[in-house]
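The structure under discussion appears below in the form of structure tokens.
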Amino acid sequence: MATATLSNTDRLRELGTAPIGKILLKYSLPAVVGTVVSAIYNIIDSIVIGHAIDDPNVVSGIAVTFPVMTLVTALGMLIGAGAATRVSIVLGQNDKKMAETILGNCVQLTLIIGIVYVGAFSIFIDPILKMFGASPNTLPYAREFMLWVLPGCVLQNLTFSYNNVMRASGYPGKAMYTNMIGAGVNAVLAPLFLFGFHWGIRGAAIATDIAMLITAFFVMGHFFNKKNTLHFVKGTFRLQWRVIKSVLYIGMAPFLINVAGSGINAIINNTLYSYGGDNAIAAVVVFNRFVTIFVFVIIGICQGMQPIVGYNYGSGRYTRLFRTLWLAAGSAVVISTIGSIVGAVFPRQIASMFMQDEAQIICAVNCLHYTTIMFWMVGFQIVATNFFQALGMAGKAIFLSLTRQIIFMIPMLLILPPHMGLNGVWAAFPVSDTAATLVTASLLFFQIRKIKATKNA
């Protein structure tokens, strides 16, 4: 027992003492692998479905489910991201009891929210999908996929929430394995169910459900083990408003990012349908799936950064705080720049991975030419936003979360398409990326000066 306790103490102490490059790599690398592997869930589904079902409408059908799945992810982040940040901060303050209280409360909250949204989405699935851009041709595919995948989404939320807490409490490698297990199962089962059993689009959904079930058992099992740094303790499951409020306050930033993303996807899908029909909606699938890989790498860097920033902010080590920020931001910019270059150079090859129809491929190539021009800026914007979240500054994180998707994207979608047609929809992406990054940089540098002034006071 003494050895385990010493090991767990060392896990937390290294957040405030280990070299920044070494500790950021230690926490980010497993997170990057985990998030990228997690992204493969959706990418595998899109590739397999696009080639297993000989109907161009199926790709567009999957596209209109993205906003719904984004809402599901938002609800998971509302709890998971908030819990991970609060756990990091209170562990930096040596308050393990509060960390375990947060752990127990979030189980109840995740299950309650999950049951509510699964029921609501199941009842109103057709109106929701139509609102998000489903046409008579694509609605049957979208409906079938969603009805089969929804039950597994509660398990996905549990996995996401506690995977983040696992990483924040000193187990980045184990958090990575959790995602790898799920993606591996999905990679095997999705082709089997579609090509082998010929289950159609429901086969992809069932494969995802099974993968979610296995990963949920794995990650929850970690917190039932009393030898680990944090574990479930009797008496911590009863909901406490003070605890829930602190978690939701911080989790509100990534939640609103995804809710805004869902709303923007709905607006984009409907605008695309007006100017380019179902083929244009299919084209945005290619863009979303392509950039997902790079965005998830950056999110992995942010997840690795979060416990280091939270712990050092809580313990007043501001030099380490800033060094972590700049190293993470620089790495993220390199990643998003690679994405920008690859999207510009190989658009046709990328599109052909997801679709067979030539008209859809041509539309997707044009989409990538526009949408990846300024994508290289996105890495900095994501890291800076997550930096504010890791500090517990939810208001500023929320504001930055909304700049690109609400403050800039919606006006661009209203202004550009009437003058440029379908290309105006695509052009709204780089314009919004540029404007949002400039605002983010201004707010970040102001906050850094404020923290330095506090330190020197």
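In the structure tokens, chains take the letters A, B, ... in the order shown, each chain's residues start at 1, and ligands count up from 1 in the order shown.
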Extract, using only C-alpha atoms, all DNA, RNA and protein residues at most 6 Å from range 210-214 of chain A, discarding same-chain residues fewer than 2 positions from it, and format them as a ChimeraX atom specification.
/A:155-156,182,185-186,207-208,216-217
Go through range 62-139 of chain A and flag each residue having an atom no more than 12 Å from range 14-34 of chain A; for those, report the closest pair of atoms plus their distance in Å to one decimal, using only C-alpha atoms, ordered by chain and rising number, as a tab-separated table.
residue	atom	partner	partner_atom	distance
A:Ser88	CA	A:Leu15	CA	9.9
A:Ile89	CA	A:Leu15	CA	11.5
A:Leu91	CA	A:Leu15	CA	10.4
A:Gly92	CA	A:Gly16	CA	8.6
A:Gln93	CA	A:Gly16	CA	11.7
Find the residues near Lys234 in chain A: any atom within 12 Å, counting only C-alpha atoms, skip ones fewer than 5 places away on the same chain, and give them as a list in words.
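The residues that qualify are Lys97, Glu100, Thr101, Leu103, Gly104, Asn105, Phe224 and Lys226 of chain A.
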Out of range 156-358 of chain A, which residues get alpha helix (DSSP H) from DSSP, as a PyMOL selection string?
chain A and resi 156-168+172-191+201-223+241-314+318-345+347-354+358
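Comparing A:Ala187, A:Ile406, A:Leu391, A:Ile112 by their smallest distance to Leu239 in chain A, the closest is A:Ile112 (using only C-alpha atoms).
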What lies within 9 Å of Ala84 in chain A using only C-alpha atoms, ignoring chain neighbours under 2 positions off, as a VMD selection string?
chain A and resid 79 to 82 86 to 89 161 to 169 247 306 to 307 390
Could you write out the selected residues, including N, CA and C atoms, as an mmCIF file, in the first residue's frame?
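Output file again_34.cif follows:
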data_model
loop_
_atom_site.group_PDB
_atom_site.id
_atom_site.type_symbol
_atom_site.label_atom_id
_atom_site.label_comp_id
_atom_site.auth_asym_id
_atom_site.auth_seq_id
_atom_site.Cartn_x
_atom_site.Cartn_y
_atom_site.Cartn_z
ATOM 1 N N ILE A 79 -19.536 17.825 -19.049
ATOM 2 C CA ILE A 79 -19.179 17.195 -17.784
ATOM 3 C C ILE A 79 -17.703 16.814 -17.753
ATOM 4 N N GLY A 80 -17.242 16.146 -18.821
ATOM 5 C CA GLY A 80 -15.884 15.603 -18.827
ATOM 6 C C GLY A 80 -14.804 16.656 -18.752
ATOM 7 N N ALA A 81 -14.890 17.690 -19.598
ATOM 8 C CA ALA A 81 -13.859 18.727 -19.593
ATOM 9 C C ALA A 81 -13.883 19.517 -18.295
ATOM 10 N N GLY A 82 -15.087 19.805 -17.790
ATOM 11 C CA GLY A 82 -15.203 20.526 -16.526
ATOM 12 C C GLY A 82 -14.661 19.720 -15.360
ATOM 13 N N ARG A 86 -11.373 20.770 -13.025
ATOM 14 C CA ARG A 86 -11.547 20.942 -11.578
ATOM 15 C C ARG A 86 -10.684 19.955 -10.792
ATOM 16 N N VAL A 87 -10.585 18.713 -11.283
ATOM 17 C CA VAL A 87 -9.757 17.719 -10.605
ATOM 18 C C VAL A 87 -8.298 18.159 -10.607
ATOM 19 N N SER A 88 -7.803 18.662 -11.752
ATOM 20 C CA SER A 88 -6.410 19.117 -11.829
ATOM 21 C C SER A 88 -6.137 20.249 -10.842
ATOM 22 N N ILE A 89 -7.053 21.215 -10.779
ATOM 23 C CA ILE A 89 -6.853 22.372 -9.910
ATOM 24 C C ILE A 89 -6.880 21.973 -8.439
ATOM 25 N N SER A 161 -15.882 11.446 -20.412
ATOM 26 C CA SER A 161 -15.753 12.172 -19.149
ATOM 27 C C SER A 161 -14.647 11.590 -18.284
ATOM 28 N N TYR A 162 -14.663 10.281 -18.093
ATOM 29 C CA TYR A 162 -13.731 9.674 -17.152
ATOM 30 C C TYR A 162 -12.373 9.381 -17.771
ATOM 31 N N ASN A 163 -12.314 9.351 -19.083
ATOM 32 C CA ASN A 163 -11.010 9.273 -19.734
ATOM 33 C C ASN A 163 -10.219 10.553 -19.461
ATOM 34 N N ASN A 164 -10.898 11.702 -19.518
ATOM 35 C CA ASN A 164 -10.248 12.978 -19.209
ATOM 36 C C ASN A 164 -9.788 13.035 -17.753
ATOM 37 N N VAL A 165 -10.629 12.559 -16.844
ATOM 38 C CA VAL A 165 -10.266 12.570 -15.422
ATOM 39 C C VAL A 165 -9.110 11.601 -15.160
ATOM 40 N N MET A 166 -9.120 10.466 -15.842
ATOM 41 C CA MET A 166 -8.022 9.502 -15.713
ATOM 42 C C MET A 166 -6.694 10.168 -16.071
ATOM 43 N N ARG A 167 -6.694 10.920 -17.160
ATOM 44 C CA ARG A 167 -5.481 11.619 -17.600
ATOM 45 C C ARG A 167 -5.093 12.703 -16.588
ATOM 46 N N ALA A 168 -6.091 13.454 -16.114
ATOM 47 C CA ALA A 168 -5.818 14.556 -15.186
ATOM 48 C C ALA A 168 -5.293 14.070 -13.844
ATOM 49 N N SER A 169 -5.601 12.822 -13.479
ATOM 50 C CA SER A 169 -5.170 12.302 -12.178
ATOM 51 C C SER A 169 -3.875 11.501 -12.269
ATOM 52 N N VAL A 247 -18.246 22.299 -11.944
ATOM 53 C CA VAL A 247 -17.928 21.474 -13.113
ATOM 54 C C VAL A 247 -18.592 22.035 -14.366
ATOM 55 N N GLN A 306 -3.595 20.490 -20.344
ATOM 56 C CA GLN A 306 -4.576 20.885 -19.331
ATOM 57 C C GLN A 306 -4.185 20.530 -17.893
ATOM 58 N N PRO A 307 -3.816 19.272 -17.588
ATOM 59 C CA PRO A 307 -3.455 19.000 -16.187
ATOM 60 C C PRO A 307 -2.190 19.737 -15.741
ATOM 61 N N ALA A 390 -8.372 25.729 -19.000
ATOM 62 C CA ALA A 390 -7.546 25.054 -18.009
ATOM 63 C C ALA A 390 -7.294 25.929 -16.782
#
List the spatial neighbours of range 441-457 of chain A as a PyMOL selection string - criterion: any atom at most 8 Å away, only C-alpha atoms, same-chain residues fewer than 4 positions off excluded.
chain A and resi 318+381+384+437
Those residues you just picked out, can you put them in a file as a tab-separated table (two decimals), in the first residue's frame with N, CA and C atoms?
chain	number	residue	atom	x	y	z
A	318	TYR	N	3.96	30.12	-12.18
A	318	TYR	CA	3.55	30.78	-13.42
A	318	TYR	C	4.57	30.66	-14.55
A	381	GLN	N	-5.47	28.98	-32.21
A	381	GLN	CA	-6.77	29.38	-31.67
A	381	GLN	C	-7.32	28.34	-30.70
A	384	ALA	N	-5.11	28.30	-27.38
A	384	ALA	CA	-5.36	29.48	-26.54
A	384	ALA	C	-6.70	29.39	-25.83
A	437	THR	N	-8.78	34.03	-34.98
A	437	THR	CA	-7.41	33.91	-34.48
A	437	THR	C	-6.88	35.27	-34.02
